[in-house]
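Have a look at final_22.pdb below; it lists PDB, C-alpha atoms, pLDDT in the B column.
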```
ATOM      1  CA  MET A   1      -9.970 -21.633   3.057  1.00 90.00           C
ATOM      2  CA  ASN A   2     -13.374 -20.050   3.575  1.00 94.00           C
ATOM      3  CA  PRO A   3     -14.448 -18.053   6.649  1.00 93.00           C
ATOM      4  CA  ALA A   4     -16.798 -20.779   7.904  1.00 95.00           C
ATOM      5  CA  LYS A   5     -14.003 -23.327   8.001  1.00 96.00           C
ATOM      6  CA  ARG A   6     -11.651 -20.912   9.762  1.00 97.00           C
ATOM      7  CA  ARG A   7     -14.296 -20.228  12.387  1.00 97.00           C
ATOM      8  CA  ALA A   8     -14.845 -23.948  12.841  1.00 97.00           C
ATOM      9  CA  ILE A   9     -11.104 -24.462  13.373  1.00 97.00           C
ATOM     10  CA  TYR A  10     -10.967 -21.835  16.099  1.00 98.00           C
ATOM     11  CA  GLN A  11     -14.154 -23.126  17.702  1.00 98.00           C
ATOM     12  CA  THR A  12     -12.633 -26.601  17.847  1.00 97.00           C
ATOM     13  CA  LEU A  13      -9.389 -25.303  19.355  1.00 98.00           C
ATOM     14  CA  GLN A  14     -11.318 -23.216  21.874  1.00 97.00           C
ATOM     15  CA  HIS A  15     -13.476 -26.149  22.929  1.00 97.00           C
ATOM     16  CA  ASP A  16     -10.371 -28.265  23.476  1.00 96.00           C
ATOM     17  CA  ASN A  17      -8.483 -25.540  25.375  1.00 96.00           C
ATOM     18  CA  PRO A  18     -10.728 -22.667  26.555  1.00 96.00           C
ATOM     19  CA  HIS A  19      -8.021 -20.711  28.380  1.00 94.00           C
ATOM     20  CA  PRO A  20      -4.655 -21.189  26.655  1.00 95.00           C
ATOM     21  CA  THR A  21      -1.535 -19.400  27.783  1.00 92.00           C
ATOM     22  CA  THR A  22       2.209 -19.423  27.276  1.00 93.00           C
ATOM     23  CA  GLU A  23       4.286 -22.319  28.558  1.00 94.00           C
ATOM     24  CA  LEU A  24       6.953 -19.881  29.700  1.00 95.00           C
ATOM     25  CA  GLU A  25       7.011 -19.383  33.473  1.00 96.00           C
ATOM     26  CA  TYR A  26       6.930 -15.807  34.738  1.00 97.00           C
ATOM     27  CA  GLY A  27       5.630 -13.694  37.599  1.00 96.00           C
ATOM     28  CA  SER A  28       5.454 -10.222  36.078  1.00 97.00           C
ATOM     29  CA  PRO A  29       5.467  -8.458  32.689  1.00 97.00           C
ATOM     30  CA  PHE A  30       9.201  -7.894  33.144  1.00 97.00           C
ATOM     31  CA  GLN A  31       9.864 -11.575  33.725  1.00 97.00           C
ATOM     32  CA  LEU A  32       7.741 -12.489  30.710  1.00 97.00           C
ATOM     33  CA  LEU A  33       9.713 -10.023  28.575  1.00 97.00           C
ATOM     34  CA  ILE A  34      13.013 -11.568  29.668  1.00 97.00           C
ATOM     35  CA  ALA A  35      11.735 -15.128  29.235  1.00 97.00           C
ATOM     36  CA  VAL A  36      10.569 -14.406  25.683  1.00 96.00           C
ATOM     37  CA  LEU A  37      13.847 -12.647  24.909  1.00 94.00           C
ATOM     38  CA  LEU A  38      15.731 -15.733  26.132  1.00 95.00           C
ATOM     39  CA  SER A  39      13.495 -18.105  24.168  1.00 93.00           C
ATOM     40  CA  ALA A  40      14.816 -17.178  20.718  1.00 87.00           C
ATOM     41  CA  GLN A  41      16.255 -20.371  19.184  1.00 86.00           C
ATOM     42  CA  ALA A  42      15.601 -22.181  22.452  1.00 89.00           C
ATOM     43  CA  THR A  43      12.795 -24.301  23.867  1.00 91.00           C
ATOM     44  CA  ASP A  44      10.387 -23.083  26.528  1.00 93.00           C
ATOM     45  CA  VAL A  45      11.432 -26.060  28.648  1.00 94.00           C
ATOM     46  CA  GLY A  46      15.071 -24.979  28.500  1.00 95.00           C
ATOM     47  CA  VAL A  47      14.216 -21.349  29.243  1.00 96.00           C
ATOM     48  CA  ASN A  48      12.071 -22.337  32.224  1.00 96.00           C
ATOM     49  CA  LYS A  49      14.915 -24.383  33.700  1.00 95.00           C
ATOM     50  CA  ALA A  50      17.174 -21.338  33.504  1.00 94.00           C
ATOM     51  CA  THR A  51      14.665 -18.765  34.759  1.00 96.00           C
ATOM     52  CA  ARG A  52      13.753 -20.930  37.754  1.00 95.00           C
ATOM     53  CA  ARG A  53      17.304 -20.237  38.908  1.00 93.00           C
ATOM     54  CA  LEU A  54      17.458 -16.670  37.617  1.00 95.00           C
ATOM     55  CA  PHE A  55      14.195 -14.990  38.624  1.00 96.00           C
ATOM     56  CA  PRO A  56      14.411 -15.697  42.377  1.00 96.00           C
ATOM     57  CA  ILE A  57      17.691 -13.755  42.531  1.00 95.00           C
ATOM     58  CA  ALA A  58      16.925 -11.174  39.828  1.00 96.00           C
ATOM     59  CA  PRO A  59      13.151 -10.612  39.634  1.00 97.00           C
ATOM     60  CA  THR A  60      13.277  -6.927  38.593  1.00 97.00           C
ATOM     61  CA  PRO A  61      15.245  -4.758  36.152  1.00 97.00           C
ATOM     62  CA  GLN A  62      17.296  -3.264  38.986  1.00 97.00           C
ATOM     63  CA  ALA A  63      18.095  -6.669  40.477  1.00 97.00           C
ATOM     64  CA  MET A  64      19.071  -7.970  37.035  1.00 96.00           C
ATOM     65  CA  LEU A  65      21.296  -4.975  36.457  1.00 95.00           C
ATOM     66  CA  THR A  66      22.900  -5.479  39.870  1.00 95.00           C
ATOM     67  CA  LEU A  67      23.498  -9.136  39.034  1.00 94.00           C
ATOM     68  CA  GLY A  68      25.595  -8.029  36.079  1.00 94.00           C
ATOM     69  CA  GLU A  69      26.263  -9.439  32.636  1.00 94.00           C
ATOM     70  CA  ALA A  70      28.869 -12.021  33.689  1.00 95.00           C
ATOM     71  CA  ARG A  71      26.746 -13.607  36.404  1.00 94.00           C
ATOM     72  CA  LEU A  72      23.672 -13.450  34.192  1.00 96.00           C
ATOM     73  CA  ALA A  73      25.521 -15.232  31.398  1.00 95.00           C
ATOM     74  CA  GLU A  74      26.556 -17.908  33.874  1.00 93.00           C
ATOM     75  CA  ALA A  75      22.957 -18.346  35.026  1.00 93.00           C
ATOM     76  CA  ILE A  76      21.619 -18.824  31.488  1.00 94.00           C
ATOM     77  CA  GLN A  77      24.565 -20.631  29.896  1.00 91.00           C
ATOM     78  CA  THR A  78      22.404 -23.696  29.169  1.00 92.00           C
ATOM     79  CA  ILE A  79      20.441 -21.600  26.644  1.00 94.00           C
ATOM     80  CA  GLY A  80      21.669 -21.048  23.091  1.00 87.00           C
ATOM     81  CA  LEU A  81      23.304 -17.690  22.306  1.00 90.00           C
ATOM     82  CA  TYR A  82      23.478 -17.015  26.041  1.00 92.00           C
ATOM     83  CA  ARG A  83      26.259 -14.427  25.842  1.00 93.00           C
ATOM     84  CA  THR A  84      24.373 -12.274  23.338  1.00 94.00           C
ATOM     85  CA  LYS A  85      21.167 -12.714  25.296  1.00 94.00           C
ATOM     86  CA  ALA A  86      22.884 -11.717  28.543  1.00 95.00           C
ATOM     87  CA  ARG A  87      24.239  -8.581  26.896  1.00 95.00           C
ATOM     88  CA  ASN A  88      20.843  -7.652  25.459  1.00 95.00           C
ATOM     89  CA  THR A  89      19.074  -8.379  28.738  1.00 96.00           C
ATOM     90  CA  ILE A  90      21.370  -6.098  30.718  1.00 97.00           C
ATOM     91  CA  ALA A  91      21.029  -3.352  28.113  1.00 96.00           C
ATOM     92  CA  THR A  92      17.241  -3.774  28.178  1.00 96.00           C
ATOM     93  CA  CYS A  93      17.145  -3.532  31.969  1.00 97.00           C
ATOM     94  CA  ARG A  94      19.218  -0.369  31.891  1.00 96.00           C
ATOM     95  CA  LEU A  95      16.870   1.198  29.334  1.00 96.00           C
ATOM     96  CA  LEU A  96      13.777   0.154  31.284  1.00 97.00           C
ATOM     97  CA  LEU A  97      15.143   1.907  34.356  1.00 96.00           C
ATOM     98  CA  GLU A  98      16.388   5.007  32.562  1.00 95.00           C
ATOM     99  CA  LYS A  99      13.447   5.570  30.230  1.00 95.00           C
ATOM    100  CA  TYR A 100      10.408   3.725  31.597  1.00 96.00           C
ATOM    101  CA  GLY A 101      10.745   3.885  35.367  1.00 95.00           C
ATOM    102  CA  GLY A 102      11.518   0.188  35.588  1.00 94.00           C
ATOM    103  CA  GLU A 103       8.205  -0.767  33.969  1.00 96.00           C
ATOM    104  CA  VAL A 104       7.694  -2.703  30.750  1.00 97.00           C
ATOM    105  CA  PRO A 105       6.238  -0.344  28.116  1.00 97.00           C
ATOM    106  CA  THR A 106       2.855  -1.183  26.649  1.00 95.00           C
ATOM    107  CA  THR A 107       3.330  -0.098  23.041  1.00 95.00           C
ATOM    108  CA  ARG A 108       4.893  -2.043  20.204  1.00 94.00           C
ATOM    109  CA  GLU A 109       7.179   0.819  19.217  1.00 95.00           C
ATOM    110  CA  ALA A 110       8.606   1.141  22.719  1.00 96.00           C
ATOM    111  CA  LEU A 111       9.038  -2.595  23.125  1.00 96.00           C
ATOM    112  CA  GLU A 112      10.822  -2.934  19.790  1.00 95.00           C
ATOM    113  CA  SER A 113      13.235  -0.194  20.831  1.00 94.00           C
ATOM    114  CA  LEU A 114      14.603  -2.502  23.541  1.00 95.00           C
ATOM    115  CA  PRO A 115      17.805  -4.437  22.702  1.00 93.00           C
ATOM    116  CA  GLY A 116      17.061  -7.921  21.414  1.00 90.00           C
ATOM    117  CA  VAL A 117      13.309  -7.323  21.169  1.00 94.00           C
ATOM    118  CA  GLY A 118      11.807  -7.784  17.728  1.00 93.00           C
ATOM    119  CA  ARG A 119       8.247  -7.822  16.458  1.00 94.00           C
ATOM    120  CA  LYS A 120       7.548 -11.396  17.571  1.00 93.00           C
ATOM    121  CA  THR A 121       8.741 -10.776  21.134  1.00 95.00           C
ATOM    122  CA  ALA A 122       6.797  -7.530  21.307  1.00 96.00           C
ATOM    123  CA  ASN A 123       3.646  -9.285  20.102  1.00 96.00           C
ATOM    124  CA  VAL A 124       3.965 -12.014  22.742  1.00 96.00           C
ATOM    125  CA  VAL A 125       4.399  -9.478  25.543  1.00 97.00           C
ATOM    126  CA  LEU A 126       1.544  -7.297  24.311  1.00 97.00           C
ATOM    127  CA  ASN A 127      -0.762 -10.290  24.050  1.00 96.00           C
ATOM    128  CA  THR A 128       0.156 -12.255  27.155  1.00 96.00           C
ATOM    129  CA  ALA A 129       1.052  -9.514  29.623  1.00 96.00           C
ATOM    130  CA  PHE A 130      -1.283  -6.743  28.493  1.00 96.00           C
ATOM    131  CA  GLY A 131      -4.192  -8.485  26.779  1.00 95.00           C
ATOM    132  CA  VAL A 132      -3.694  -6.955  23.335  1.00 96.00           C
ATOM    133  CA  PRO A 133      -5.156  -9.235  20.613  1.00 96.00           C
ATOM    134  CA  THR A 134      -1.930  -9.607  18.653  1.00 95.00           C
ATOM    135  CA  ILE A 135      -0.731 -12.785  16.945  1.00 96.00           C
ATOM    136  CA  ALA A 136       2.995 -13.460  17.192  1.00 94.00           C
ATOM    137  CA  VAL A 137       4.204 -15.694  14.368  1.00 95.00           C
ATOM    138  CA  ASP A 138       7.060 -18.052  15.150  1.00 93.00           C
ATOM    139  CA  THR A 139       8.226 -21.090  13.159  1.00 93.00           C
ATOM    140  CA  HIS A 140       5.415 -23.262  14.575  1.00 95.00           C
ATOM    141  CA  ILE A 141       2.645 -20.819  13.701  1.00 97.00           C
ATOM    142  CA  PHE A 142       4.174 -20.077  10.296  1.00 97.00           C
ATOM    143  CA  ARG A 143       4.115 -23.806   9.543  1.00 97.00           C
ATOM    144  CA  VAL A 144       0.580 -24.381  10.839  1.00 97.00           C
ATOM    145  CA  ALA A 145      -0.850 -21.366   9.012  1.00 97.00           C
ATOM    146  CA  ASN A 146       0.652 -22.513   5.709  1.00 97.00           C
ATOM    147  CA  ARG A 147       0.157 -26.252   6.066  1.00 96.00           C
ATOM    148  CA  THR A 148      -3.485 -26.102   7.130  1.00 96.00           C
ATOM    149  CA  GLY A 149      -4.409 -23.337   4.697  1.00 96.00           C
ATOM    150  CA  LEU A 150      -5.555 -21.117   7.564  1.00 97.00           C
ATOM    151  CA  ALA A 151      -3.420 -18.133   6.507  1.00 97.00           C
ATOM    152  CA  PRO A 152      -0.756 -19.042   3.921  1.00 96.00           C
ATOM    153  CA  GLY A 153       2.066 -16.593   3.349  1.00 96.00           C
ATOM    154  CA  LYS A 154       5.629 -16.394   2.061  1.00 97.00           C
ATOM    155  CA  ASP A 155       7.060 -14.815   5.232  1.00 96.00           C
ATOM    156  CA  VAL A 156       6.118 -14.329   8.873  1.00 95.00           C
ATOM    157  CA  ARG A 157       4.788 -10.806   8.401  1.00 96.00           C
ATOM    158  CA  GLU A 158       2.458 -11.886   5.595  1.00 97.00           C
ATOM    159  CA  VAL A 159       1.184 -14.748   7.750  1.00 97.00           C
ATOM    160  CA  GLU A 160       0.711 -12.408  10.725  1.00 97.00           C
ATOM    161  CA  ASP A 161      -1.227  -9.897   8.632  1.00 97.00           C
ATOM    162  CA  LYS A 162      -3.449 -12.619   7.180  1.00 97.00           C
ATOM    163  CA  LEU A 163      -4.110 -14.193  10.577  1.00 97.00           C
ATOM    164  CA  LEU A 164      -5.152 -10.834  11.979  1.00 96.00           C
ATOM    165  CA  ARG A 165      -7.400 -10.247   8.978  1.00 97.00           C
ATOM    166  CA  PHE A 166      -8.923 -13.732   8.817  1.00 96.00           C
ATOM    167  CA  THR A 167      -9.265 -14.592  12.519  1.00 97.00           C
ATOM    168  CA  PRO A 168     -12.700 -13.639  13.910  1.00 96.00           C
ATOM    169  CA  PRO A 169     -12.317 -10.951  16.616  1.00 96.00           C
ATOM    170  CA  GLU A 170     -13.507 -13.189  19.441  1.00 96.00           C
ATOM    171  CA  PHE A 171     -10.628 -15.619  18.814  1.00 97.00           C
ATOM    172  CA  ARG A 172      -7.741 -13.185  18.261  1.00 96.00           C
ATOM    173  CA  GLN A 173      -6.641 -12.970  21.882  1.00 96.00           C
ATOM    174  CA  ASP A 174      -6.030 -16.715  22.128  1.00 97.00           C
ATOM    175  CA  ALA A 175      -5.162 -17.599  18.520  1.00 97.00           C
ATOM    176  CA  HIS A 176      -1.411 -17.326  19.062  1.00 95.00           C
ATOM    177  CA  HIS A 177      -1.428 -19.838  21.909  1.00 96.00           C
ATOM    178  CA  TRP A 178      -3.743 -22.323  20.191  1.00 97.00           C
ATOM    179  CA  LEU A 179      -1.699 -22.339  17.006  1.00 97.00           C
ATOM    180  CA  ILE A 180       1.697 -22.566  18.670  1.00 96.00           C
ATOM    181  CA  LEU A 181       0.574 -25.494  20.830  1.00 96.00           C
ATOM    182  CA  LEU A 182      -0.889 -27.218  17.772  1.00 97.00           C
ATOM    183  CA  GLY A 183       2.396 -26.779  15.916  1.00 96.00           C
ATOM    184  CA  ARG A 184       4.550 -27.781  18.874  1.00 94.00           C
ATOM    185  CA  TYR A 185       2.762 -30.997  19.807  1.00 95.00           C
ATOM    186  CA  THR A 186       0.684 -32.186  16.831  1.00 96.00           C
ATOM    187  CA  CYS A 187       1.383 -30.391  13.541  1.00 96.00           C
ATOM    188  CA  LYS A 188       5.115 -31.062  13.839  1.00 95.00           C
ATOM    189  CA  ALA A 189       7.625 -30.049  11.212  1.00 93.00           C
ATOM    190  CA  ARG A 190       8.996 -33.388  10.051  1.00 91.00           C
ATOM    191  CA  LYS A 191       6.127 -35.722  10.839  1.00 92.00           C
ATOM    192  CA  PRO A 192       2.749 -34.131  11.586  1.00 94.00           C
ATOM    193  CA  GLU A 193       0.565 -36.372  13.733  1.00 94.00           C
ATOM    194  CA  CYS A 194      -2.541 -35.951  11.596  1.00 94.00           C
ATOM    195  CA  GLY A 195      -4.184 -39.067  13.000  1.00 92.00           C
ATOM    196  CA  ARG A 196      -4.724 -37.454  16.382  1.00 94.00           C
ATOM    197  CA  CYS A 197      -5.216 -33.845  15.250  1.00 96.00           C
ATOM    198  CA  ILE A 198      -8.473 -32.301  16.462  1.00 96.00           C
ATOM    199  CA  ILE A 199      -8.818 -30.153  13.331  1.00 96.00           C
ATOM    200  CA  ARG A 200      -7.962 -32.932  10.872  1.00 94.00           C
ATOM    201  CA  GLU A 201     -11.329 -32.804   9.100  1.00 94.00           C
ATOM    202  CA  LEU A 202     -11.031 -29.043   8.612  1.00 95.00           C
ATOM    203  CA  CYS A 203      -7.368 -28.922   7.597  1.00 95.00           C
ATOM    204  CA  GLU A 204      -6.433 -28.475   3.926  1.00 93.00           C
ATOM    205  CA  TYR A 205      -3.016 -30.147   4.168  1.00 92.00           C
ATOM    206  CA  ARG A 206      -2.860 -32.219   1.008  1.00 81.00           C
ATOM    207  CA  ALA A 207      -0.210 -34.641   2.214  1.00 72.00           C
ATOM    208  CA  LYS A 208      -1.964 -35.683   5.426  1.00 67.00           C
ATOM    209  CA  PRO A 209      -2.328 -39.464   5.769  1.00 64.00           C
ATOM    210  CA  LEU A 210      -5.703 -41.020   5.034  1.00 56.00           C
TER     211      LEU A 210
END
```

Written as structure tokens, that's how I'd like the structure from this file.
Amino acid sequence: MNPAKRRAIYQTLQHDNPHPTTELEYGSPFQLLIAVLLSAQATDVGVNKATRRLFPIAPTPQAMLTLGEARLAEAIQTIGLYRTKARNTIATCRLLLEKYGGEVPTTREALESLPGVGRKTANVVLNTAFGVPTIAVDTHIFRVANRTGLAPGKDVREVEDKLLRFTPPEFRQDAHHWLILLGRYTCKARKPECGRCIIRELCEYRAKPL
């Protein structure tokens, strides 16, 4: 895919959705961090249902730590892998209090040192909470990048590196959100809805219906 076509794709996505953001509900960088941590192998809808109960009673690292692992696990038991996530969340809260004064760190290295936080989670927090133009690659974005020809790669890191290299600077801040929404609602895994896709004429997916 050539640079002009990539730019046209982002311009189309921007025109359709000028101010995209995450569908996770949160009120602070800490709450975003926990919501993203809980979202692994779970839907944003499911996470939001759980955090609507959780965040009013445990909105800060100290409150979450006071709540305790058992009660936290009970609060998020509708989410997959909830026991592991509860354990990691409590450990993360303890580390935030002991090492970062209860604040969410603003560097990738520090974020990835937190239990349960990998590169994708760190990228989401950096981008959404702190305005860093990162591009977190999940299964939706990996699929869209490969299927459309925007930034094909064999693994998520290769796709991330290519997206950062190929995405014009003015679109990098919002690229993650545009691409994840496209993959979630239109460029679906089993049956992409090419007929209503706003970038259909720019996409290089060879199997798209005529």

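Rounded to one decimal, atom CA of Asp155 of chain A and atom CA of Ala40 of chain A lie 17.5 Å from each other.
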
Go through segment 7-120 of chain A and flag each residue having an atom no more than 12 Å from segment 163-169 of chain A; for those, report the closest pair of atoms plus their distance in Å to one decimal, using only C-alpha atoms, ordered by chain and rising number, as a tab-separated table.
```
residue	atom	partner	partner_atom	distance
A:Arg7	CA	A:Pro168	CA	6.9
A:Ala8	CA	A:Pro168	CA	10.6
A:Ile9	CA	A:Thr167	CA	10.1
A:Tyr10	CA	A:Thr167	CA	8.3
A:Gln11	CA	A:Pro168	CA	10.3
```

Query raised in the report: So what does the PyMOL selection byres ((chain A and resi 29) around 9) actually pick up in this one, as a PyMOL selection string?
Result: chain A and resi 26-28+30-34+103-104+125+128-130

Applied to this file, what does the PyMOL selection byres ((chain A and resi 46) around 12) return in terms of residues, put as a short mmCIF file (atom, residue, chain, number, x, y, z; two decimals) with C-alpha atoms, in the coordinates of the input?
```
data_model
loop_
_atom_site.label_atom_id
_atom_site.label_comp_id
_atom_site.auth_asym_id
_atom_site.auth_seq_id
_atom_site.Cartn_x
_atom_site.Cartn_y
_atom_site.Cartn_z
CA GLU A 23 4.29 -22.32 28.56
CA LEU A 24 6.95 -19.88 29.70
CA GLU A 25 7.01 -19.38 33.47
CA ALA A 35 11.74 -15.13 29.24
CA VAL A 36 10.57 -14.41 25.68
CA LEU A 38 15.73 -15.73 26.13
CA SER A 39 13.50 -18.10 24.17
CA ALA A 40 14.82 -17.18 20.72
CA GLN A 41 16.26 -20.37 19.18
CA ALA A 42 15.60 -22.18 22.45
CA THR A 43 12.80 -24.30 23.87
CA ASP A 44 10.39 -23.08 26.53
CA VAL A 45 11.43 -26.06 28.65
CA VAL A 47 14.22 -21.35 29.24
CA ASN A 48 12.07 -22.34 32.22
CA LYS A 49 14.92 -24.38 33.70
CA ALA A 50 17.17 -21.34 33.50
CA THR A 51 14.66 -18.76 34.76
CA ARG A 52 13.75 -20.93 37.75
CA ARG A 53 17.30 -20.24 38.91
CA ILE A 76 21.62 -18.82 31.49
CA GLN A 77 24.56 -20.63 29.90
CA THR A 78 22.40 -23.70 29.17
CA ILE A 79 20.44 -21.60 26.64
CA GLY A 80 21.67 -21.05 23.09
CA TYR A 82 23.48 -17.02 26.04
#
```

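Across the structure, atom CA of Ile135 of chain A and atom CA of Pro105 of chain A are spaced 18.1 Å apart.
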
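Shortest atom-to-atom contact with Leu182 of chain A among A:Leu97, A:Ala75, A:Asp16, A:Phe55: A:Asp16, counting all atoms listed in the file.
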
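The interatomic distance for the pair atom CA of Ala175 of chain A and atom CA of Ile199 of chain A works out to 14.1 Å.
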
Query - Non-local contacts of segment 144-148 of chain A (6 Å; all atoms listed in the file; under 3 positions in same chain excluded) as a list in words - result: Ile141, Ala151, Pro152, Gly183, Cys203, Glu204 and Tyr205 of chain A

Spell out the residues picked by the PyMOL selection byres ((chain A and resi 120) around 12) here, as a tab-separated table (two decimals) with C-alpha atoms, in the coordinates of the input.
```tsv
chain	number	residue	atom	x	y	z
A	33	LEU	CA	9.71	-10.02	28.58
A	36	VAL	CA	10.57	-14.41	25.68
A	37	LEU	CA	13.85	-12.65	24.91
A	39	SER	CA	13.50	-18.10	24.17
A	40	ALA	CA	14.82	-17.18	20.72
A	108	ARG	CA	4.89	-2.04	20.20
A	111	LEU	CA	9.04	-2.60	23.12
A	112	GLU	CA	10.82	-2.93	19.79
A	116	GLY	CA	17.06	-7.92	21.41
A	117	VAL	CA	13.31	-7.32	21.17
A	118	GLY	CA	11.81	-7.78	17.73
A	119	ARG	CA	8.25	-7.82	16.46
A	121	THR	CA	8.74	-10.78	21.13
A	122	ALA	CA	6.80	-7.53	21.31
A	123	ASN	CA	3.65	-9.28	20.10
A	124	VAL	CA	3.96	-12.01	22.74
A	125	VAL	CA	4.40	-9.48	25.54
A	126	LEU	CA	1.54	-7.30	24.31
A	127	ASN	CA	-0.76	-10.29	24.05
A	134	THR	CA	-1.93	-9.61	18.65
A	135	ILE	CA	-0.73	-12.78	16.94
A	136	ALA	CA	3.00	-13.46	17.19
A	137	VAL	CA	4.20	-15.69	14.37
A	138	ASP	CA	7.06	-18.05	15.15
A	139	THR	CA	8.23	-21.09	13.16
A	141	ILE	CA	2.64	-20.82	13.70
A	142	PHE	CA	4.17	-20.08	10.30
A	156	VAL	CA	6.12	-14.33	8.87
A	157	ARG	CA	4.79	-10.81	8.40
A	160	GLU	CA	0.71	-12.41	10.72
A	176	HIS	CA	-1.41	-17.33	19.06
```

Quick one: residues within 8 Å of Leu65 of chain A, all atoms listed in the file, excluding same-chain residues fewer than 6 positions away - as a compact mmCIF listing (two decimals) with C-alpha atoms, in the coordinates of the input?
```txt
# COMPACT_ATOMS: atom_id res chain seq x y z
CA ILE A 90 21.37 -6.10 30.72
CA CYS A 93 17.14 -3.53 31.97
CA ARG A 94 19.22 -0.37 31.89
```

Coordinates of box centre and edge lengths for segment 49-59 of chain A, 3 Å on every side, axis-aligned, as AutoDock Vina command-line options:
```
--center_x 15.4 --center_y -17.5 --center_z 38.0 --size_x 10.5 --size_y 19.8 --size_z 15.0
```

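Residues in contact with His177 of chain A at up to 8 Å, not including ones fewer than 4 positions away on its chain and judged by only C-alpha atoms, are A:Pro20, A:Thr21, A:Thr22, A:Leu181.
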
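Residue nearest His19 of chain A within the list A:Pro59, A:Ala189, A:Trp178, A:Met1: A:Trp178 [criterion: smallest interatomic distance, all atoms listed in the file].
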
Would you kindly place all heavy atoms on segment 73-78 of chain A and return the model as a PDB file, in the frame of the given file?
```
ATOM      1  N   ALA A  73      25.103 -14.275  32.426  1.00 95.00           N
ATOM      2  CA  ALA A  73      25.521 -15.232  31.398  1.00 95.00           C
ATOM      3  C   ALA A  73      25.750 -16.611  32.009  1.00 95.00           C
ATOM      4  O   ALA A  73      25.385 -17.637  31.426  1.00 95.00           O
ATOM      5  CB  ALA A  73      26.780 -14.736  30.706  1.00 95.00           C
ATOM      6  N   GLU A  74      26.330 -16.632  33.188  1.00 93.00           N
ATOM      7  CA  GLU A  74      26.556 -17.908  33.874  1.00 93.00           C
ATOM      8  C   GLU A  74      25.230 -18.597  34.223  1.00 93.00           C
ATOM      9  O   GLU A  74      25.092 -19.814  34.090  1.00 93.00           O
ATOM     10  CB  GLU A  74      27.365 -17.665  35.147  1.00 93.00           C
ATOM     11  CG  GLU A  74      27.731 -18.937  35.903  1.00 93.00           C
ATOM     12  CD  GLU A  74      28.548 -18.647  37.150  1.00 93.00           C
ATOM     13  OE1 GLU A  74      28.965 -17.488  37.336  1.00 93.00           O
ATOM     14  OE2 GLU A  74      28.760 -19.586  37.935  1.00 93.00           O
ATOM     15  N   ALA A  75      24.254 -17.792  34.617  1.00 93.00           N
ATOM     16  CA  ALA A  75      22.957 -18.346  35.026  1.00 93.00           C
ATOM     17  C   ALA A  75      22.175 -18.918  33.857  1.00 93.00           C
ATOM     18  O   ALA A  75      21.354 -19.825  34.043  1.00 93.00           O
ATOM     19  CB  ALA A  75      22.136 -17.282  35.740  1.00 93.00           C
ATOM     20  N   ILE A  76      22.407 -18.390  32.647  1.00 94.00           N
ATOM     21  CA  ILE A  76      21.619 -18.824  31.488  1.00 94.00           C
ATOM     22  C   ILE A  76      22.474 -19.563  30.454  1.00 94.00           C
ATOM     23  O   ILE A  76      22.060 -19.710  29.302  1.00 94.00           O
ATOM     24  CB  ILE A  76      20.914 -17.627  30.815  1.00 94.00           C
ATOM     25  CG1 ILE A  76      21.942 -16.625  30.256  1.00 94.00           C
ATOM     26  CG2 ILE A  76      19.971 -16.938  31.791  1.00 94.00           C
ATOM     27  CD1 ILE A  76      21.313 -15.534  29.387  1.00 94.00           C
ATOM     28  N   GLN A  77      23.630 -20.049  30.855  1.00 91.00           N
ATOM     29  CA  GLN A  77      24.565 -20.631  29.896  1.00 91.00           C
ATOM     30  C   GLN A  77      24.053 -21.923  29.253  1.00 91.00           C
ATOM     31  O   GLN A  77      24.614 -22.389  28.254  1.00 91.00           O
ATOM     32  CB  GLN A  77      25.916 -20.883  30.560  1.00 91.00           C
ATOM     33  CG  GLN A  77      25.894 -21.872  31.706  1.00 91.00           C
ATOM     34  CD  GLN A  77      27.271 -22.023  32.335  1.00 91.00           C
ATOM     35  OE1 GLN A  77      28.299 -21.852  31.669  1.00 91.00           O
ATOM     36  NE2 GLN A  77      27.310 -22.340  33.617  1.00 91.00           N
ATOM     37  N   THR A  78      22.985 -22.505  29.790  1.00 92.00           N
ATOM     38  CA  THR A  78      22.404 -23.696  29.169  1.00 92.00           C
ATOM     39  C   THR A  78      21.531 -23.348  27.967  1.00 92.00           C
ATOM     40  O   THR A  78      21.088 -24.237  27.244  1.00 92.00           O
ATOM     41  CB  THR A  78      21.548 -24.470  30.197  1.00 92.00           C
ATOM     42  OG1 THR A  78      20.569 -23.580  30.751  1.00 92.00           O
ATOM     43  CG2 THR A  78      22.430 -25.027  31.312  1.00 92.00           C
TER      44      THR A  78
END
```
